[in-house]
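**Q** This is the content of protein37.txt (compact mmCIF, C-alpha atoms):
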```txt
# COMPACT_ATOMS: atom_id res chain seq x y z
CA MET A 1 -4.86 4.88 -4.42
CA ALA A 2 -2.01 6.55 -6.29
CA THR A 3 0.47 5.68 -3.55
CA VAL A 4 -0.82 2.13 -3.23
CA ILE A 5 -0.69 1.48 -6.98
CA GLY A 6 2.71 3.15 -7.24
CA LEU A 7 4.06 1.02 -4.40
CA LEU A 8 2.78 -2.17 -6.02
CA ALA A 9 4.33 -1.20 -9.35
CA SER A 10 7.67 -0.01 -8.00
CA SER A 11 8.35 -2.57 -5.28
CA GLY A 12 7.12 -5.85 -6.71
CA LEU A 13 4.95 -6.41 -3.63
CA ARG A 14 1.87 -8.52 -4.14
CA SER A 15 -1.43 -6.94 -3.14
CA GLY A 16 -1.76 -9.30 -0.15
CA GLU A 17 1.69 -8.31 1.09
CA ARG A 18 0.76 -4.66 0.76
CA VAL A 19 -2.47 -5.05 2.74
CA ARG A 20 -0.54 -6.68 5.57
CA LEU A 21 1.95 -3.80 5.91
CA ASP A 22 1.77 -2.24 9.35
CA ARG A 23 3.15 1.19 10.20
CA SER A 24 6.14 -0.45 11.89
CA ASP A 25 6.91 -2.37 8.66
CA VAL A 26 7.62 0.84 6.75
CA ASP A 27 11.07 2.23 7.59
CA LEU A 28 11.20 5.52 5.72
CA ALA A 29 14.61 6.48 7.10
CA SER A 30 16.21 3.37 5.56
CA ALA A 31 13.81 3.08 2.59
CA ILE A 32 13.02 -0.53 3.53
CA LEU A 33 9.69 -2.34 3.85
CA LEU A 34 9.18 -5.51 5.85
CA ALA A 35 6.85 -7.76 3.86
CA ARG A 36 5.39 -10.34 6.22
CA LYS A 37 4.00 -13.72 5.20
CA THR A 38 5.06 -13.54 1.57
CA LYS A 39 4.03 -16.11 -1.02
CA THR A 40 6.70 -18.46 0.36
CA ARG A 41 5.41 -17.87 3.93
CA LYS A 42 8.55 -15.95 4.87
CA ASP A 43 9.23 -12.38 5.85
CA SER A 44 11.21 -10.30 3.38
CA LEU A 45 12.96 -6.93 3.40
CA VAL A 46 12.05 -4.89 0.33
CA PRO A 47 14.15 -1.84 -0.58
CA VAL A 48 12.28 1.05 -2.16
CA HIS A 49 13.51 3.69 -4.60
CA THR A 50 13.95 7.25 -3.35
CA THR A 51 10.92 8.38 -5.40
CA THR A 52 8.82 5.70 -3.69
CA GLN A 53 10.25 6.75 -0.34
CA THR A 54 9.18 10.34 -1.06
CA ALA A 55 5.67 9.26 -2.10
CA LEU A 56 5.35 7.16 1.06
CA ARG A 57 6.43 10.12 3.21
CA LEU A 58 3.74 12.28 1.63
CA TYR A 59 1.14 9.55 2.11
CA VAL A 60 2.11 9.07 5.77
CA GLY A 61 1.74 12.82 6.37
CA ASP A 62 -1.69 12.86 4.73
CA ARG A 63 -2.78 9.67 6.53
CA ASP A 64 -1.69 10.93 9.92
CA ALA A 65 -3.38 14.30 9.35
CA ALA A 66 -6.64 12.57 8.36
CA PHE A 67 -6.46 9.98 11.16
CA PRO A 68 -4.37 11.39 14.02
CA THR A 69 -5.71 8.67 16.31
CA SER A 70 -5.71 5.58 14.15
CA LYS A 71 -8.05 2.68 14.79
CA ASP A 72 -5.53 0.35 13.20
CA GLN A 73 -1.77 -0.17 12.97
CA ALA A 74 -2.05 -0.70 9.23
CA SER A 75 0.13 1.40 7.00
CA PHE A 76 -2.58 1.84 4.36
CA LEU A 77 -6.02 2.86 5.56
CA SER A 78 -9.46 2.94 4.03
CA SER A 79 -11.50 6.13 4.00
CA ARG A 80 -12.93 5.01 7.36
CA GLY A 81 -9.51 4.72 8.99
CA ASN A 82 -9.38 0.91 9.02
CA ARG A 83 -6.91 -1.36 7.27
CA LEU A 84 -7.43 -1.23 3.51
CA SER A 85 -8.55 -4.76 2.65
CA ALA A 86 -7.80 -6.74 -0.50
CA THR A 87 -11.41 -6.17 -1.55
CA GLY A 88 -11.07 -2.45 -0.86
CA LEU A 89 -7.92 -2.37 -2.97
CA GLN A 90 -9.67 -4.15 -5.85
CA THR A 91 -12.68 -1.83 -5.61
CA GLY A 92 -10.46 1.25 -5.50
CA PHE A 93 -8.42 0.04 -8.46
CA ALA A 94 -11.62 -0.61 -10.43
CA GLU A 95 -12.74 2.96 -9.68
CA VAL A 96 -9.39 4.34 -10.85
CA ARG A 97 -9.69 2.34 -14.08
CA LYS A 98 -13.22 3.68 -14.61
CA VAL A 99 -12.24 7.30 -13.92
CA THR A 100 -9.18 7.08 -16.19
CA ASP A 101 -11.04 5.05 -18.85
CA PHE A 102 -8.28 2.40 -18.69
CA ASP A 103 -9.35 -0.91 -20.18
CA GLY A 104 -6.13 -2.89 -19.71
CA GLY A 105 -5.13 -2.70 -23.38
CA LYS A 106 -8.30 -4.41 -24.66
CA ARG A 107 -9.08 -1.83 -27.36
```
So that I can check it, write out the structure of this file as structure tokens.

**A**
Amino acid sequence: MATVIGLLASSGLRSGERVRLDRSDVDLASAILLARKTKTRKDSLVPVHTTTQTALRLYVGDRDAAFPTSKDQASFLSSRGNRLSATGLQTGFAEVRKVTDFDGGKR
């Protein structure tokens, strides 16, 4: 979740664009993401900062170690090895908020 949330915060990607990222859409050598079917129904190249590039490299290493034979071409996987869905992202984010006691500034 840390990599997913960090990517959303640092890249400006919408959660739907992030869930649609396939492995081939993440070019770590060039630090570019290919966001498909954006809000305007177009594809878009999204540059990422070197710190984001580093975090993505670490995530890819962990993902590939956990799922050497992936069931899915998705870049971000659920704990079962399938594409992390929008619902899965929302659920995971809710868990992170609960664990960190973050209330969105409503105190």

**Q** Using all atoms listed in the file, which residue out of A:Asn82, A:Ser10, A:Thr69, A:Thr100 lies closest to A:Thr51?

**A**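 Closest candidate: A:Ser10.
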
**Q** For A:Arg23, find every residue with an atom within 9 Å (counting only C-alpha atoms), except residues of its own chain fewer than 6 positions away, and show them as an MDAnalysis selection string.

**A** chainID A and resid 73:76

**Q** In Å, rounded to a single decimal, give me how far atom CA of A:Lys71 is from atom CA of A:Arg97.

**A**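 Separating atom CA of A:Arg97 from atom CA of A:Lys71 is a distance of 28.9 Å.
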
**Q** With a cut-off of 12 Å, could you pull out the residues of stretch 56-107 of chain A touching stretch 15-18 of chain A and give me the nearest pair of atoms for each, distance in Å to one decimal, using all atoms listed in the file, ordered by chain and ascending number, as JSON lines?

**A**
```
{"residue": "A:Ala74", "atom": "CA", "partner": "A:Arg18", "partner_atom": "CA", "distance": 9.8}
{"residue": "A:Ser75", "atom": "CA", "partner": "A:Arg18", "partner_atom": "CA", "distance": 8.7}
{"residue": "A:Phe76", "atom": "CA", "partner": "A:Arg18", "partner_atom": "CA", "distance": 8.1}
{"residue": "A:Leu77", "atom": "CA", "partner": "A:Arg18", "partner_atom": "CA", "distance": 11.2}
{"residue": "A:Arg83", "atom": "CA", "partner": "A:Arg18", "partner_atom": "CA", "distance": 10.6}
{"residue": "A:Leu84", "atom": "CA", "partner": "A:Arg18", "partner_atom": "CA", "distance": 9.3}
{"residue": "A:Ser85", "atom": "CA", "partner": "A:Gly16", "partner_atom": "CA", "distance": 8.6}
{"residue": "A:Ala86", "atom": "CA", "partner": "A:Gly16", "partner_atom": "CA", "distance": 6.6}
{"residue": "A:Thr87", "atom": "CA", "partner": "A:Ser15", "partner_atom": "CA", "distance": 10.1}
{"residue": "A:Gly88", "atom": "CA", "partner": "A:Ser15", "partner_atom": "CA", "distance": 10.9}
{"residue": "A:Leu89", "atom": "CA", "partner": "A:Ser15", "partner_atom": "CA", "distance": 7.9}
{"residue": "A:Gln90", "atom": "CA", "partner": "A:Ser15", "partner_atom": "CA", "distance": 9.1}
{"residue": "A:Phe93", "atom": "CA", "partner": "A:Ser15", "partner_atom": "CA", "distance": 11.2}
```

**Q** May I ask which of the residues A:Val99, A:Ala65, A:Val48, A:Ala94 is the closest one to A:Gly6, counting all atoms listed in the file?

**A**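 Once distances to A:Gly6 are computed over all atoms listed in the file, the minimum belongs to A:Val48.
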
**Q** Which residue out of A:Val46, A:Val19, A:Leu34, A:Leu28 has the minimum interatomic distance to A:Gly61 when only C-alpha atoms are used?

**A**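 Smallest separation from A:Gly61 among the options: A:Leu28.
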
**Q** Could you give me, as an mmCIF file with C-alpha atoms, in the coordinates of the input, the residues that sit within 12 Å of (-2.5, 12.7, 1.6) in the file's coordinates, counting only C-alpha atoms?

**A**
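Output contents, as saved in selection-v6.cif:
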```cif
data_model
loop_
_atom_site.group_PDB
_atom_site.id
_atom_site.type_symbol
_atom_site.label_atom_id
_atom_site.label_comp_id
_atom_site.auth_asym_id
_atom_site.auth_seq_id
_atom_site.Cartn_x
_atom_site.Cartn_y
_atom_site.Cartn_z
ATOM 1 C CA MET A 1 -4.860 4.880 -4.420
ATOM 2 C CA ALA A 2 -2.010 6.550 -6.290
ATOM 3 C CA THR A 3 0.470 5.680 -3.550
ATOM 4 C CA VAL A 4 -0.820 2.130 -3.230
ATOM 5 C CA ALA A 55 5.670 9.260 -2.100
ATOM 6 C CA LEU A 56 5.350 7.160 1.060
ATOM 7 C CA ARG A 57 6.430 10.120 3.210
ATOM 8 C CA LEU A 58 3.740 12.280 1.630
ATOM 9 C CA TYR A 59 1.140 9.550 2.110
ATOM 10 C CA VAL A 60 2.110 9.070 5.770
ATOM 11 C CA GLY A 61 1.740 12.820 6.370
ATOM 12 C CA ASP A 62 -1.690 12.860 4.730
ATOM 13 C CA ARG A 63 -2.780 9.670 6.530
ATOM 14 C CA ASP A 64 -1.690 10.930 9.920
ATOM 15 C CA ALA A 65 -3.380 14.300 9.350
ATOM 16 C CA ALA A 66 -6.640 12.570 8.360
ATOM 17 C CA PHE A 67 -6.460 9.980 11.160
ATOM 18 C CA PHE A 76 -2.580 1.840 4.360
ATOM 19 C CA LEU A 77 -6.020 2.860 5.560
ATOM 20 C CA SER A 79 -11.500 6.130 4.000
#
```

**Q** Interatomic distance between atom CA of A:Gln53 and atom CA of A:Ser78?

**A**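 The value is 20.5 Å.
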
**Q** Have stretch 4-17 of chain A completed to N, CA and C atoms, please, and pass it along as a PDB file, in the coordinates of the input.

**A**
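Once everything was written out, this is out-v7.pdb:
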```
ATOM      1  N   VAL A   4      -0.700   3.588  -3.289  1.00  0.00           N
ATOM      2  CA  VAL A   4      -0.820   2.130  -3.230  1.00  0.00           C
ATOM      3  C   VAL A   4      -0.431   1.502  -4.565  1.00  0.00           C
ATOM      4  N   ILE A   5      -0.987   2.025  -5.647  1.00  0.00           N
ATOM      5  CA  ILE A   5      -0.690   1.480  -6.980  1.00  0.00           C
ATOM      6  C   ILE A   5       0.781   1.699  -7.313  1.00  0.00           C
ATOM      7  N   GLY A   6       1.293   2.867  -7.000  1.00  0.00           N
ATOM      8  CA  GLY A   6       2.710   3.150  -7.240  1.00  0.00           C
ATOM      9  C   GLY A   6       3.621   2.212  -6.461  1.00  0.00           C
ATOM     10  N   LEU A   7       3.254   1.934  -5.222  1.00  0.00           N
ATOM     11  CA  LEU A   7       4.060   1.020  -4.400  1.00  0.00           C
ATOM     12  C   LEU A   7       4.039  -0.388  -4.987  1.00  0.00           C
ATOM     13  N   LEU A   8       2.876  -0.844  -5.406  1.00  0.00           N
ATOM     14  CA  LEU A   8       2.780  -2.170  -6.020  1.00  0.00           C
ATOM     15  C   LEU A   8       3.646  -2.244  -7.279  1.00  0.00           C
ATOM     16  N   ALA A   9       3.585  -1.207  -8.095  1.00  0.00           N
ATOM     17  CA  ALA A   9       4.330  -1.200  -9.350  1.00  0.00           C
ATOM     18  C   ALA A   9       5.837  -1.084  -9.137  1.00  0.00           C
ATOM     19  N   SER A  10       6.246  -0.285  -8.169  1.00  0.00           N
ATOM     20  CA  SER A  10       7.670  -0.010  -8.000  1.00  0.00           C
ATOM     21  C   SER A  10       8.406  -1.010  -7.114  1.00  0.00           C
ATOM     22  N   SER A  11       7.668  -1.701  -6.259  1.00  0.00           N
ATOM     23  CA  SER A  11       8.350  -2.570  -5.280  1.00  0.00           C
ATOM     24  C   SER A  11       8.269  -4.049  -5.602  1.00  0.00           C
ATOM     25  N   GLY A  12       7.306  -4.427  -6.438  1.00  0.00           N
ATOM     26  CA  GLY A  12       7.120  -5.850  -6.710  1.00  0.00           C
ATOM     27  C   GLY A  12       6.306  -6.553  -5.637  1.00  0.00           C
ATOM     28  N   LEU A  13       5.801  -5.800  -4.660  1.00  0.00           N
ATOM     29  CA  LEU A  13       4.950  -6.410  -3.630  1.00  0.00           C
ATOM     30  C   LEU A  13       3.665  -6.932  -4.262  1.00  0.00           C
ATOM     31  N   ARG A  14       3.186  -8.021  -3.742  1.00  0.00           N
ATOM     32  CA  ARG A  14       1.870  -8.520  -4.140  1.00  0.00           C
ATOM     33  C   ARG A  14       0.825  -7.751  -3.326  1.00  0.00           C
ATOM     34  N   SER A  15      -0.395  -7.715  -3.822  1.00  0.00           N
ATOM     35  CA  SER A  15      -1.430  -6.940  -3.140  1.00  0.00           C
ATOM     36  C   SER A  15      -1.660  -7.441  -1.715  1.00  0.00           C
ATOM     37  N   GLY A  16      -1.588  -8.747  -1.495  1.00  0.00           N
ATOM     38  CA  GLY A  16      -1.760  -9.300  -0.150  1.00  0.00           C
ATOM     39  C   GLY A  16      -0.644  -8.878   0.794  1.00  0.00           C
ATOM     40  N   GLU A  17       0.565  -8.767   0.272  1.00  0.00           N
ATOM     41  CA  GLU A  17       1.690  -8.310   1.090  1.00  0.00           C
ATOM     42  C   GLU A  17       1.508  -6.846   1.455  1.00  0.00           C
TER      43      GLU A  17
END
```
